[in-house]
$ cat entry-v7.pdb   # PDB, C-alpha atoms, pLDDT in the B column
MODEL        1
ATOM      1  CA  MET O   1      23.471  60.450  34.534  1.00 60.00           C
ATOM      2  CA  ALA O   2      26.693  62.497  34.503  1.00 66.00           C
ATOM      3  CA  GLY O   3      24.805  65.593  35.665  1.00 77.00           C
ATOM      4  CA  GLU O   4      23.173  63.648  38.486  1.00 82.00           C
ATOM      5  CA  LYS O   5      26.602  62.389  39.589  1.00 85.00           C
ATOM      6  CA  ARG O   6      28.059  65.928  39.499  1.00 86.00           C
ATOM      7  CA  ALA O   7      25.210  67.310  41.620  1.00 88.00           C
ATOM      8  CA  LEU O   8      25.535  64.527  44.196  1.00 88.00           C
ATOM      9  CA  ARG O   9      29.327  64.979  44.312  1.00 88.00           C
ATOM     10  CA  ARG O  10      28.924  68.718  44.971  1.00 91.00           C
ATOM     11  CA  SER O  11      26.465  68.017  47.786  1.00 90.00           C
ATOM     12  CA  LEU O  12      28.677  65.349  49.399  1.00 93.00           C
ATOM     13  CA  LEU O  13      31.847  67.444  49.087  1.00 88.00           C
ATOM     14  CA  ALA O  14      30.030  70.424  50.665  1.00 90.00           C
ATOM     15  CA  ALA O  15      28.962  68.186  53.565  1.00 91.00           C
ATOM     16  CA  ARG O  16      32.547  66.984  53.994  1.00 90.00           C
ATOM     17  CA  ALA O  17      33.841  70.562  53.959  1.00 90.00           C
ATOM     18  CA  ARG O  18      31.626  71.273  56.993  1.00 91.00           C
ATOM     19  CA  LEU O  19      33.136  68.404  59.002  1.00 87.00           C
ATOM     20  CA  PRO O  20      35.503  69.558  61.742  1.00 85.00           C
ATOM     21  CA  GLU O  21      39.043  68.450  60.932  1.00 84.00           C
ATOM     22  CA  ASP O  22      39.695  67.229  64.474  1.00 83.00           C
ATOM     23  CA  GLY O  23      36.509  65.135  64.295  1.00 81.00           C
ATOM     24  CA  VAL O  24      37.696  63.440  61.104  1.00 81.00           C
ATOM     25  CA  HIS O  25      41.017  62.535  62.766  1.00 81.00           C
ATOM     26  CA  ARG O  26      39.321  61.444  65.998  1.00 83.00           C
ATOM     27  CA  LEU O  27      37.281  58.813  64.101  1.00 85.00           C
ATOM     28  CA  ALA O  28      40.348  57.316  62.377  1.00 87.00           C
ATOM     29  CA  GLY O  29      40.781  54.697  65.097  1.00 88.00           C
ATOM     30  CA  ALA O  30      37.183  53.466  64.791  1.00 90.00           C
ATOM     31  CA  LEU O  31      37.465  53.320  61.003  1.00 91.00           C
ATOM     32  CA  ALA O  32      40.724  51.341  61.240  1.00 93.00           C
ATOM     33  CA  ARG O  33      39.321  48.979  63.890  1.00 93.00           C
ATOM     34  CA  HIS O  34      36.248  48.105  61.805  1.00 95.00           C
ATOM     35  CA  ALA O  35      38.297  47.693  58.636  1.00 95.00           C
ATOM     36  CA  LEU O  36      40.778  45.387  60.362  1.00 94.00           C
ATOM     37  CA  GLU O  37      37.892  43.192  61.545  1.00 93.00           C
ATOM     38  CA  LEU O  38      37.175  42.309  57.917  1.00 94.00           C
ATOM     39  CA  PRO O  39      38.540  38.802  57.251  1.00 93.00           C
ATOM     40  CA  GLU O  40      39.617  40.046  53.806  1.00 91.00           C
ATOM     41  CA  LEU O  41      42.019  42.494  55.464  1.00 92.00           C
ATOM     42  CA  ALA O  42      42.940  40.383  58.479  1.00 90.00           C
ATOM     43  CA  GLY O  43      44.233  37.636  56.191  1.00 91.00           C
ATOM     44  CA  ALA O  44      45.686  39.812  53.427  1.00 95.00           C
ATOM     45  CA  ARG O  45      49.344  39.683  52.470  1.00 97.00           C
ATOM     46  CA  THR O  46      49.097  42.699  50.138  1.00 98.00           C
ATOM     47  CA  VAL O  47      46.625  45.583  50.397  1.00 98.00           C
ATOM     48  CA  ALA O  48      46.351  48.477  47.957  1.00 98.00           C
ATOM     49  CA  ALA O  49      45.380  51.505  50.034  1.00 97.00           C
ATOM     50  CA  TYR O  50      45.706  55.294  49.906  1.00 96.00           C
ATOM     51  CA  VAL O  51      46.687  58.127  52.205  1.00 95.00           C
ATOM     52  CA  SER O  52      43.684  60.307  52.899  1.00 93.00           C
ATOM     53  CA  VAL O  53      43.837  64.055  52.382  1.00 89.00           C
ATOM     54  CA  GLY O  54      41.610  66.911  53.451  1.00 88.00           C
ATOM     55  CA  ARG O  55      38.274  65.807  54.860  1.00 91.00           C
ATOM     56  CA  GLU O  56      38.429  62.258  53.467  1.00 92.00           C
ATOM     57  CA  PRO O  57      37.955  59.526  56.080  1.00 93.00           C
ATOM     58  CA  ASP O  58      41.359  59.375  57.799  1.00 93.00           C
ATOM     59  CA  THR O  59      43.227  56.281  56.580  1.00 95.00           C
ATOM     60  CA  ARG O  60      46.579  56.899  58.259  1.00 93.00           C
ATOM     61  CA  ALA O  61      45.915  54.742  61.334  1.00 93.00           C
ATOM     62  CA  LEU O  62      44.721  51.902  59.111  1.00 95.00           C
ATOM     63  CA  VAL O  63      47.689  52.136  56.717  1.00 96.00           C
ATOM     64  CA  ASP O  64      50.132  52.243  59.635  1.00 96.00           C
ATOM     65  CA  GLU O  65      48.492  49.292  61.406  1.00 95.00           C
ATOM     66  CA  LEU O  66      48.537  47.159  58.249  1.00 97.00           C
ATOM     67  CA  HIS O  67      52.193  48.025  57.714  1.00 97.00           C
ATOM     68  CA  TRP O  68      53.021  47.301  61.366  1.00 95.00           C
ATOM     69  CA  ARG O  69      51.347  43.864  61.033  1.00 95.00           C
ATOM     70  CA  GLY O  70      53.668  43.000  58.169  1.00 96.00           C
ATOM     71  CA  VAL O  71      51.141  43.480  55.361  1.00 97.00           C
ATOM     72  CA  ARG O  72      52.653  44.786  52.142  1.00 98.00           C
ATOM     73  CA  VAL O  73      50.777  48.055  51.601  1.00 98.00           C
ATOM     74  CA  LEU O  74      50.756  49.537  48.112  1.00 98.00           C
ATOM     75  CA  LEU O  75      49.978  53.240  47.758  1.00 98.00           C
ATOM     76  CA  PRO O  76      49.022  55.052  44.556  1.00 97.00           C
ATOM     77  CA  VAL O  77      51.211  57.458  42.649  1.00 96.00           C
ATOM     78  CA  LEU O  78      49.218  59.778  40.375  1.00 94.00           C
ATOM     79  CA  LEU O  79      50.527  59.752  36.801  1.00 94.00           C
ATOM     80  CA  PRO O  80      50.275  62.765  34.440  1.00 94.00           C
ATOM     81  CA  ASP O  81      47.276  61.176  32.652  1.00 94.00           C
ATOM     82  CA  ASP O  82      45.514  60.591  36.026  1.00 92.00           C
ATOM     83  CA  ASP O  83      46.124  56.835  35.924  1.00 94.00           C
ATOM     84  CA  LEU O  84      47.744  55.290  38.986  1.00 96.00           C
ATOM     85  CA  ASP O  85      51.142  53.698  39.454  1.00 97.00           C
ATOM     86  CA  TRP O  86      51.919  51.998  42.794  1.00 98.00           C
ATOM     87  CA  ALA O  87      54.758  51.912  45.311  1.00 98.00           C
ATOM     88  CA  ALA O  88      55.200  50.115  48.622  1.00 98.00           C
ATOM     89  CA  TYR O  89      54.520  52.016  51.837  1.00 97.00           C
ATOM     90  CA  GLU O  90      57.632  52.129  53.996  1.00 96.00           C
ATOM     91  CA  GLY O  91      56.417  54.507  56.701  1.00 94.00           C
ATOM     92  CA  ALA O  92      55.088  58.052  57.007  1.00 92.00           C
ATOM     93  CA  GLU O  93      58.589  59.509  56.731  1.00 94.00           C
ATOM     94  CA  PHE O  94      58.745  58.140  53.169  1.00 95.00           C
ATOM     95  CA  LEU O  95      55.714  60.073  51.927  1.00 95.00           C
ATOM     96  CA  SER O  96      56.104  63.159  49.787  1.00 94.00           C
ATOM     97  CA  PRO O  97      53.647  65.918  48.756  1.00 91.00           C
ATOM     98  CA  ALA O  98      52.412  65.515  45.187  1.00 90.00           C
ATOM     99  CA  ARG O  99      49.869  66.973  42.769  1.00 87.00           C
ATOM    100  CA  ARG O 100      46.345  67.697  43.991  1.00 83.00           C
ATOM    101  CA  GLY O 101      47.473  67.783  47.616  1.00 85.00           C
ATOM    102  CA  LEU O 102      48.184  64.054  47.675  1.00 89.00           C
ATOM    103  CA  LEU O 103      50.875  62.294  49.682  1.00 92.00           C
ATOM    104  CA  GLU O 104      52.731  59.638  47.720  1.00 94.00           C
ATOM    105  CA  PRO O 105      55.395  57.078  48.594  1.00 96.00           C
ATOM    106  CA  THR O 106      58.917  57.986  47.534  1.00 95.00           C
ATOM    107  CA  GLY O 107      60.040  54.406  46.861  1.00 93.00           C
ATOM    108  CA  ARG O 108      60.471  52.468  43.627  1.00 96.00           C
ATOM    109  CA  ARG O 109      57.502  52.527  41.261  1.00 97.00           C
ATOM    110  CA  LEU O 110      55.971  49.108  40.648  1.00 97.00           C
ATOM    111  CA  GLY O 111      53.800  49.916  37.619  1.00 97.00           C
ATOM    112  CA  PRO O 112      50.038  50.277  37.172  1.00 97.00           C
ATOM    113  CA  GLN O 113      49.609  46.475  37.053  1.00 97.00           C
ATOM    114  CA  ALA O 114      50.957  46.039  40.612  1.00 97.00           C
ATOM    115  CA  VAL O 115      47.452  46.522  42.010  1.00 97.00           C
ATOM    116  CA  THR O 116      46.338  43.251  40.392  1.00 97.00           C
ATOM    117  CA  GLY O 117      48.436  41.355  42.949  1.00 97.00           C
ATOM    118  CA  ALA O 118      46.609  42.824  45.945  1.00 98.00           C
ATOM    119  CA  ASP O 119      44.383  40.652  48.132  1.00 97.00           C
ATOM    120  CA  ALA O 120      42.266  43.701  48.995  1.00 97.00           C
ATOM    121  CA  VAL O 121      41.899  47.181  47.526  1.00 98.00           C
ATOM    122  CA  LEU O 122      40.815  50.103  49.711  1.00 97.00           C
ATOM    123  CA  LEU O 123      39.038  52.652  47.552  1.00 95.00           C
ATOM    124  CA  PRO O 124      38.323  56.296  48.216  1.00 94.00           C
ATOM    125  CA  GLY O 125      34.769  57.350  47.572  1.00 94.00           C
ATOM    126  CA  LEU O 126      32.143  59.923  48.388  1.00 96.00           C
ATOM    127  CA  ALA O 127      29.270  57.479  48.872  1.00 95.00           C
ATOM    128  CA  VAL O 128      28.099  53.944  48.325  1.00 95.00           C
ATOM    129  CA  ASP O 129      24.583  52.609  47.928  1.00 93.00           C
ATOM    130  CA  ARG O 130      22.836  49.428  49.029  1.00 92.00           C
ATOM    131  CA  ARG O 131      23.930  47.649  45.844  1.00 92.00           C
ATOM    132  CA  GLY O 132      27.571  48.428  46.588  1.00 93.00           C
ATOM    133  CA  MET O 133      27.816  51.023  43.828  1.00 94.00           C
ATOM    134  CA  ARG O 134      30.529  53.544  44.740  1.00 93.00           C
ATOM    135  CA  LEU O 135      30.495  57.207  43.797  1.00 92.00           C
ATOM    136  CA  GLY O 136      34.043  58.489  43.336  1.00 87.00           C
ATOM    137  CA  ARG O 137      35.290  62.010  42.828  1.00 83.00           C
ATOM    138  CA  GLY O 138      34.908  61.814  39.069  1.00 76.00           C
ATOM    139  CA  GLY O 139      38.531  61.808  37.937  1.00 80.00           C
ATOM    140  CA  GLY O 140      38.410  58.244  36.625  1.00 84.00           C
ATOM    141  CA  SER O 141      41.655  57.082  38.257  1.00 91.00           C
ATOM    142  CA  TYR O 142      40.006  54.292  40.216  1.00 93.00           C
ATOM    143  CA  ASP O 143      37.689  53.387  37.316  1.00 91.00           C
ATOM    144  CA  ARG O 144      40.895  52.536  35.434  1.00 93.00           C
ATOM    145  CA  VAL O 145      42.210  50.588  38.417  1.00 95.00           C
ATOM    146  CA  LEU O 146      39.002  48.553  38.679  1.00 94.00           C
ATOM    147  CA  ALA O 147      38.963  47.891  34.920  1.00 93.00           C
ATOM    148  CA  ARG O 148      42.613  46.772  35.096  1.00 95.00           C
ATOM    149  CA  ILE O 149      41.842  44.400  37.965  1.00 96.00           C
ATOM    150  CA  GLU O 150      38.839  42.948  36.134  1.00 94.00           C
ATOM    151  CA  ALA O 151      40.816  42.496  32.889  1.00 95.00           C
ATOM    152  CA  SER O 152      43.567  40.659  34.769  1.00 96.00           C
ATOM    153  CA  GLY O 153      41.144  38.125  36.233  1.00 95.00           C
ATOM    154  CA  ALA O 154      42.197  39.071  39.767  1.00 95.00           C
ATOM    155  CA  ALA O 155      39.488  39.114  42.411  1.00 94.00           C
ATOM    156  CA  PRO O 156      40.609  41.187  45.401  1.00 96.00           C
ATOM    157  CA  ALA O 157      38.154  42.357  48.031  1.00 96.00           C
ATOM    158  CA  LEU O 158      37.028  45.876  47.120  1.00 96.00           C
ATOM    159  CA  VAL O 159      36.371  48.040  50.164  1.00 97.00           C
ATOM    160  CA  VAL O 160      35.363  51.714  50.221  1.00 96.00           C
ATOM    161  CA  LEU O 161      36.050  53.884  53.290  1.00 96.00           C
ATOM    162  CA  LEU O 162      33.389  56.466  54.142  1.00 95.00           C
ATOM    163  CA  HIS O 163      32.140  58.935  56.725  1.00 93.00           C
ATOM    164  CA  SER O 164      28.888  58.474  58.595  1.00 89.00           C
ATOM    165  CA  GLY O 165      25.963  59.448  56.398  1.00 90.00           C
ATOM    166  CA  GLU O 166      27.647  58.493  53.111  1.00 93.00           C
ATOM    167  CA  TYR O 167      25.903  55.109  52.909  1.00 91.00           C
ATOM    168  CA  LEU O 168      22.959  56.061  50.689  1.00 92.00           C
ATOM    169  CA  ARG O 169      19.871  54.364  49.349  1.00 90.00           C
ATOM    170  CA  ARG O 170      21.031  54.938  45.762  1.00 92.00           C
ATOM    171  CA  VAL O 171      23.889  56.536  43.863  1.00 90.00           C
ATOM    172  CA  PRO O 172      23.764  57.046  40.105  1.00 88.00           C
ATOM    173  CA  ALA O 173      25.712  54.370  38.235  1.00 86.00           C
ATOM    174  CA  GLU O 174      26.911  54.097  34.661  1.00 83.00           C
ATOM    175  CA  PRO O 175      27.772  50.889  32.770  1.00 82.00           C
ATOM    176  CA  HIS O 176      31.510  51.215  33.556  1.00 82.00           C
ATOM    177  CA  ASP O 177      30.907  51.505  37.318  1.00 83.00           C
ATOM    178  CA  ARG O 178      31.749  48.425  39.392  1.00 88.00           C
ATOM    179  CA  PRO O 179      30.281  47.503  42.786  1.00 92.00           C
ATOM    180  CA  VAL O 180      32.416  47.100  45.878  1.00 94.00           C
ATOM    181  CA  HIS O 181      32.177  44.203  48.321  1.00 95.00           C
ATOM    182  CA  ALA O 182      32.070  46.243  51.527  1.00 95.00           C
ATOM    183  CA  ALA O 183      31.964  49.766  52.906  1.00 95.00           C
ATOM    184  CA  VAL O 184      33.508  50.757  56.226  1.00 95.00           C
ATOM    185  CA  THR O 185      32.314  53.723  58.264  1.00 92.00           C
ATOM    186  CA  PRO O 186      33.208  54.692  61.848  1.00 91.00           C
ATOM    187  CA  GLU O 187      30.026  52.844  62.913  1.00 91.00           C
ATOM    188  CA  GLY O 188      30.845  49.536  61.265  1.00 92.00           C
ATOM    189  CA  VAL O 189      30.878  47.474  58.087  1.00 94.00           C
ATOM    190  CA  HIS O 190      28.238  47.230  55.345  1.00 92.00           C
ATOM    191  CA  ARG O 191      28.556  44.187  53.053  1.00 93.00           C
ATOM    192  CA  PHE O 192      27.159  43.837  49.543  1.00 89.00           C
ATOM    193  CA  THR O 193      26.489  40.877  47.303  1.00 74.00           C
ATOM    194  CA  ALA O 194      27.521  41.701  43.779  1.00 53.00           C
TER
ENDMDL
END
$ encode --input "entry-v7.pdb" --output "structure tokens"
Amino acid sequence: MAGEKRALRRSLLAARARLPEDGVHRLAGALARHALELPELAGARTVAAYVSVGREPDTRALVDELHWRGVRVLLPVLLPDDDLDWAAYEGAEFLSPARRGLLEPTGRRLGPQAVTGADAVLLPGLAVDRRGMRLGRGGGSYDRVLARIEASGAAPALVVLLHSGEYLRRVPAEPHDRPVHAAVTPEGVHRFTA
């Protein structure tokens, strides 16, 4: 299973590398618009999100719009062991370059448990299948986040943001993998029943 995941990740990352950077940024508005149509985001008081980097689906318009609407947006801070701490988003001017090319908030750290108070969690991913199984990059950071949420008894909406063509018939899944509730692409929303 791990080898199948690695091969699919390589293929998806190669496809992303071929995407024109200006095209990725041009679709940010459509991605944000579809995401904000989700009732789970429209009614959220706190959303755990992330700032996209490289050829990931561009989340900046979505993060800014949530913040502008008065939603408390939590962004991840990568810890030395690849777990995630969280800090509140206070605007693009309060983001700082970090390890692995990430942009992280410069504000007060809230602790890894802060994510359990979110009404919705926006997850990075490389693909999702028709069961809602998400394929991440393989670092395990968000596997820890999802396990932490589950252990806390919290039940936020789990939403993965993807490019066109990353909604697949099947992605390999291991016992620790958790399904998401929805996937958002520039074309629209895909919902899953878990």
$ resolve_selection --input "entry-v7.pdb" --expression "the PyMOL selection byres ((chain O and resi 179) around 8)" --output "ChimeraX atom specification"
/O:131-134,177-178,180-181,194
$ write_last_selection --input "entry-v7.pdb" --atoms "C-alpha atoms" --output "short mmCIF file (atom, residue, chain, number, x, y, z; two decimals), keeping the file's coordinate frame"
data_model
loop_
_atom_site.label_atom_id
_atom_site.label_comp_id
_atom_site.auth_asym_id
_atom_site.auth_seq_id
_atom_site.Cartn_x
_atom_site.Cartn_y
_atom_site.Cartn_z
CA ARG O 131 23.93 47.65 45.84
CA GLY O 132 27.57 48.43 46.59
CA MET O 133 27.82 51.02 43.83
CA ARG O 134 30.53 53.54 44.74
CA ASP O 177 30.91 51.50 37.32
CA ARG O 178 31.75 48.42 39.39
CA VAL O 180 32.42 47.10 45.88
CA HIS O 181 32.18 44.20 48.32
CA ALA O 194 27.52 41.70 43.78
#
$ closest_residue --input "entry-v7.pdb" --among "O:Val128, O:Leu12, O:Ile149, O:Ala92" --to "Pro172 of chain O" --atoms "only C-alpha atoms"
O:Val128
$ resolve_selection --input "entry-v7.pdb" --expression "the PyMOL selection byres ((chain O and resi 62-70) around 12)" --output "PyMOL selection string"
chain O and resi 25+27-37+41-52+57-61+71-75+88-93+120-122+161+184
$ residues_around --input "entry-v7.pdb" --residues "Gly3 of chain O" --least-positions-apart "5" --cutoff "12 Å" --atoms "only C-alpha atoms" --output "PyMOL selection string"
chain O and resi 8-10+138+172-174
$ resolve_selection --input "entry-v7.pdb" --expression "the PyMOL selection byres ((chain O and resi 145) around 8)" --output "PyMOL selection string"
chain O and resi 83-84+112+115+141-144+146-149
$ closest_residue --input "entry-v7.pdb" --among "O:Gly117, O:Arg26, O:Thr106, O:Arg18" --to "Pro186 of chain O" --atoms "all atoms listed in the file"
O:Arg26
$ axis_aligned_box --input "entry-v7.pdb" --around "segment 15-30 of chain O" --padding-each-side "8 Å" --output "JSON"
{"center_x": 35.0, "center_y": 62.4, "center_z": 59.8, "size_x": 28.1, "size_y": 33.8, "size_z": 28.4}
$ residues_around --input "entry-v7.pdb" --residues "Ser11 of chain O" --least-positions-apart "6" --cutoff "12 Å" --atoms "all atoms listed in the file" --output "PyMOL selection string"
chain O and resi 4-5+17-18+126-127+137+166
$ closest_residue --input "entry-v7.pdb" --among "O:Pro20, O:Leu110, O:Thr185, O:His176" --to "Ser164 of chain O" --atoms "all atoms listed in the file"
O:Thr185
$ residues_around --input "entry-v7.pdb" --residues "Ala183 of chain O" --least-positions-apart "3" --cutoff "7 Å" --atoms "all atoms listed in the file" --output "list in words"
Val159, Val160, Leu161, Leu162, Val189, His190 and Arg191 of chain O
$ write_last_selection --input "entry-v7.pdb" --atoms "C-alpha atoms" --output "PDB file, in the frame of the given file"
ATOM      1  CA  VAL O 159      36.371  48.040  50.164  1.00 97.00           C
ATOM      2  CA  VAL O 160      35.363  51.714  50.221  1.00 96.00           C
ATOM      3  CA  LEU O 161      36.050  53.884  53.290  1.00 96.00           C
ATOM      4  CA  LEU O 162      33.389  56.466  54.142  1.00 95.00           C
ATOM      5  CA  VAL O 189      30.878  47.474  58.087  1.00 94.00           C
ATOM      6  CA  HIS O 190      28.238  47.230  55.345  1.00 92.00           C
ATOM      7  CA  ARG O 191      28.556  44.187  53.053  1.00 93.00           C
TER       8      ARG O 191
END
$ atom_distance --input "entry-v7.pdb" --atom1 "atom CA of Ala15 of chain O" --atom2 "atom CA of Glu187 of chain O"
18.0 Å
$ atom_distance --input "entry-v7.pdb" --atom1 "atom CA of Asp22 of chain O" --atom2 "atom CA of Trp86 of chain O"
29.2 Å
$ residues_around --input "entry-v7.pdb" --residues "Val77 of chain O" --least-positions-apart "6" --cutoff "9 Å" --atoms "all atoms listed in the file" --output "list in words"
Asp83, Leu84, Asp85, Trp86, Ala87, Ala98, Leu102, Leu103, Glu104, Pro105 and Arg109 of chain O
$ atom_distance --input "entry-v7.pdb" --atom1 "atom CA of Gly107 of chain O" --atom2 "atom CA of Gly140 of chain O"
24.2 Å
